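Okay, data_36.cif now, which holds mmCIF, C-alpha atoms; chains and numbers go by the auth columns:
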data_work
loop_
_atom_site.group_PDB
_atom_site.id
_atom_site.type_symbol
_atom_site.label_atom_id
_atom_site.label_comp_id
_atom_site.label_asym_id
_atom_site.label_seq_id
_atom_site.Cartn_x
_atom_site.Cartn_y
_atom_site.Cartn_z
_atom_site.B_iso_or_equiv
_atom_site.auth_seq_id
_atom_site.auth_asym_id
ATOM 1 C CA LEU A 1 48.439 22.779 257.614 0.00 29 A
ATOM 2 C CA GLY A 2 50.641 25.616 256.509 0.00 30 A
ATOM 3 C CA LEU A 3 52.157 27.422 253.594 0.00 31 A
ATOM 4 C CA VAL A 4 55.606 26.649 252.296 0.00 32 A
ATOM 5 C CA ALA A 5 57.500 27.351 249.097 0.00 33 A
ATOM 6 C CA GLY A 6 61.021 26.573 248.137 0.00 34 A
ATOM 7 C CA GLY A 7 63.529 26.394 245.374 0.00 35 A
ATOM 8 C CA GLU A 8 67.091 25.371 244.755 0.00 36 A
ATOM 9 C CA LEU A 9 69.694 27.688 243.278 0.00 37 A
ATOM 10 C CA ALA A 10 72.529 26.522 241.064 0.00 38 A
ATOM 11 C CA PRO A 11 75.645 26.473 243.257 0.00 39 A
ATOM 12 C CA ARG A 12 78.651 28.582 242.423 0.00 40 A
ATOM 13 C CA ASP A 13 81.738 26.639 241.371 0.00 41 A
ATOM 14 C CA GLY A 14 83.836 25.926 244.440 0.00 42 A
ATOM 15 C CA ALA A 15 81.456 27.775 246.770 0.00 43 A
ATOM 16 C CA PRO A 16 78.432 25.643 247.613 0.00 44 A
ATOM 17 C CA GLY A 17 75.864 27.525 249.682 0.00 45 A
ATOM 18 C CA ALA A 18 77.378 30.951 248.987 0.00 46 A
ATOM 19 C CA ARG A 19 74.727 31.996 246.486 0.00 47 A
ATOM 20 C CA ALA A 20 71.835 31.092 248.790 0.00 48 A
ATOM 21 C CA PHE A 21 73.482 32.778 251.772 0.00 49 A
ATOM 22 C CA GLU A 22 73.936 35.942 249.718 0.00 50 A
ATOM 23 C CA ALA A 23 70.258 35.756 248.737 0.00 51 A
ATOM 24 C CA PHE A 24 69.302 35.234 252.397 0.00 52 A
ATOM 25 C CA THR A 25 71.186 38.329 253.559 0.00 53 A
ATOM 26 C CA GLU A 26 69.822 40.504 250.741 0.00 54 A
ATOM 27 C CA CYS A 27 66.249 39.304 251.326 0.00 55 A
ATOM 28 C CA PHE A 28 66.640 40.106 255.021 0.00 56 A
ATOM 29 C CA ARG A 29 67.988 43.556 254.175 0.00 57 A
ATOM 30 C CA ARG A 30 64.847 44.114 252.082 0.00 58 A
ATOM 31 C CA GLY A 31 62.532 42.938 254.860 0.00 59 A
ATOM 32 C CA LEU A 32 61.890 39.350 253.753 0.00 60 A
ATOM 33 C CA LEU A 33 62.939 36.474 255.997 0.00 61 A
ATOM 34 C CA VAL A 34 63.735 33.254 254.162 0.00 62 A
ATOM 35 C CA ARG A 35 65.483 30.073 255.274 0.00 63 A
ATOM 36 C CA VAL A 36 68.436 28.548 253.491 0.00 64 A
ATOM 37 C CA THR A 37 70.058 25.141 253.610 0.00 65 A
ATOM 38 C CA GLY A 38 72.927 24.697 251.219 0.00 66 A
ATOM 39 C CA ASP A 39 71.672 26.286 248.008 0.00 67 A
ATOM 40 C CA ALA A 40 67.972 25.779 248.778 0.00 68 A
ATOM 41 C CA ILE A 41 65.708 28.662 249.799 0.00 69 A
ATOM 42 C CA ALA A 42 62.414 28.196 251.657 0.00 70 A
ATOM 43 C CA LEU A 43 59.603 30.563 252.577 0.00 71 A
ATOM 44 C CA SER A 44 57.013 29.830 255.258 0.00 72 A
ATOM 45 C CA PRO A 45 54.521 32.713 255.337 0.00 73 A
ATOM 46 C CA PRO A 46 51.746 32.763 257.921 0.00 74 A
ATOM 47 C CA LEU A 47 48.338 31.419 256.912 0.00 75 A
ATOM 48 C CA VAL A 48 46.793 34.853 257.494 0.00 76 A
ATOM 49 C CA CYS A 49 48.890 36.558 254.821 0.00 77 A
ATOM 50 C CA GLU A 50 47.068 38.352 252.056 0.00 78 A
ATOM 51 C CA ARG A 51 47.622 38.220 248.306 0.00 79 A
ATOM 52 C CA ALA A 52 49.544 41.521 248.419 0.00 80 A
ATOM 53 C CA HIS A 53 51.963 39.999 250.954 0.00 81 A
ATOM 54 C CA VAL A 54 52.589 36.954 248.765 0.00 82 A
ATOM 55 C CA ASP A 55 53.093 39.174 245.722 0.00 83 A
ATOM 56 C CA ARG A 56 55.625 41.273 247.655 0.00 84 A
ATOM 57 C CA MET A 57 57.487 38.173 248.909 0.00 85 A
ATOM 58 C CA PHE A 58 57.931 36.835 245.405 0.00 86 A
ATOM 59 C CA GLU A 59 58.786 40.261 244.004 0.00 87 A
ATOM 60 C CA VAL A 60 61.643 40.620 246.491 0.00 88 A
ATOM 61 C CA LEU A 61 62.787 37.026 246.090 0.00 89 A
ATOM 62 C CA SER A 62 62.801 37.141 242.280 0.00 90 A
ATOM 63 C CA ASP A 63 64.729 40.426 242.261 0.00 91 A
ATOM 64 C CA VAL A 64 67.275 39.010 244.700 0.00 92 A
ATOM 65 C CA ILE A 65 67.726 35.750 242.803 0.00 93 A
ATOM 66 C CA ARG A 66 68.313 37.667 239.560 0.00 94 A
ATOM 67 C CA SER A 67 70.989 39.751 241.282 0.00 95 A
ATOM 68 C CA THR A 68 72.925 36.754 242.699 0.00 96 A
ATOM 69 C CA ASN A 69 74.837 35.521 239.665 0.00 97 A
#

Could I get this file's structure written as structure tokens?
Amino acid sequence: LGLVAGGELAPRDGAPGARAFEAFTECFRRGLLVRVTGDAIALSPPLVCERAHVDRMFEVLSDVIRSTN
């Protein structure tokens, strides 16, 4: 068993995958490692993570997604 979360971003016209890649690089810059495939983003935190870690992951990810128009 494990933890996994994911979501799909709306692609930019004429640039499929660009929005998710931009989100990936910004998440990494902020200390959060996510995986991307096309315009889909996935998180796979360890089972030993605490609530504060999950809150931080989604705080970073939501801020990044809002900034990638």

Open item on the list: Under the PyMOL selection byres ((chain A and resi 64) around 10), which residues of this model are included? Write them out as a VMD selection string.
Closed with: chain A and resid 34 to 36 45 48 to 52 61 to 63 65 to 71

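The residues returned by the PyMOL selection byres ((chain A and resi 58) around 12) for this structure are Ala51, Phe52, Thr53, Glu54, Cys55, Phe56, Arg57, Gly59, Leu60, Leu61, Val62, Arg84, Met85, Glu87, Val88, Leu89, Asp91 and Val92 of chain A.
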
- [ ] Would you mind reading off the distance between CA of Glu78 (chain A) and CA of Thr96 (chain A), one decimal, in Å?
- [x]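 It comes out at 27.5 Å.
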
Task: Gap from CA of Ala46 (chain A) to CA of Pro74 (chain A) - Å, one decimal - done: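 Rounded to one decimal, the two atoms are 27.2 Å apart.
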
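In this comparison, which uses all atoms listed in the file, the residue of A:Ala33, A:Ile93, A:Ala38, A:Ala43 approaching Pro73 (chain A) most closely is A:Ala33.
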
Task: Residue with smallest distance to Leu37 (chain A) - pool A:Asp83, A:Ser72, A:Ser90, A:Cys77, counting only C-alpha atoms - done: A:Ser90

Task: Option closest in space to Arg94 (chain A), from A:His81, A:Val76, A:Leu31, A:Arg47 [counting all atoms listed in the file] - done: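 The closest residue to Arg94 (chain A) is A:Arg47.
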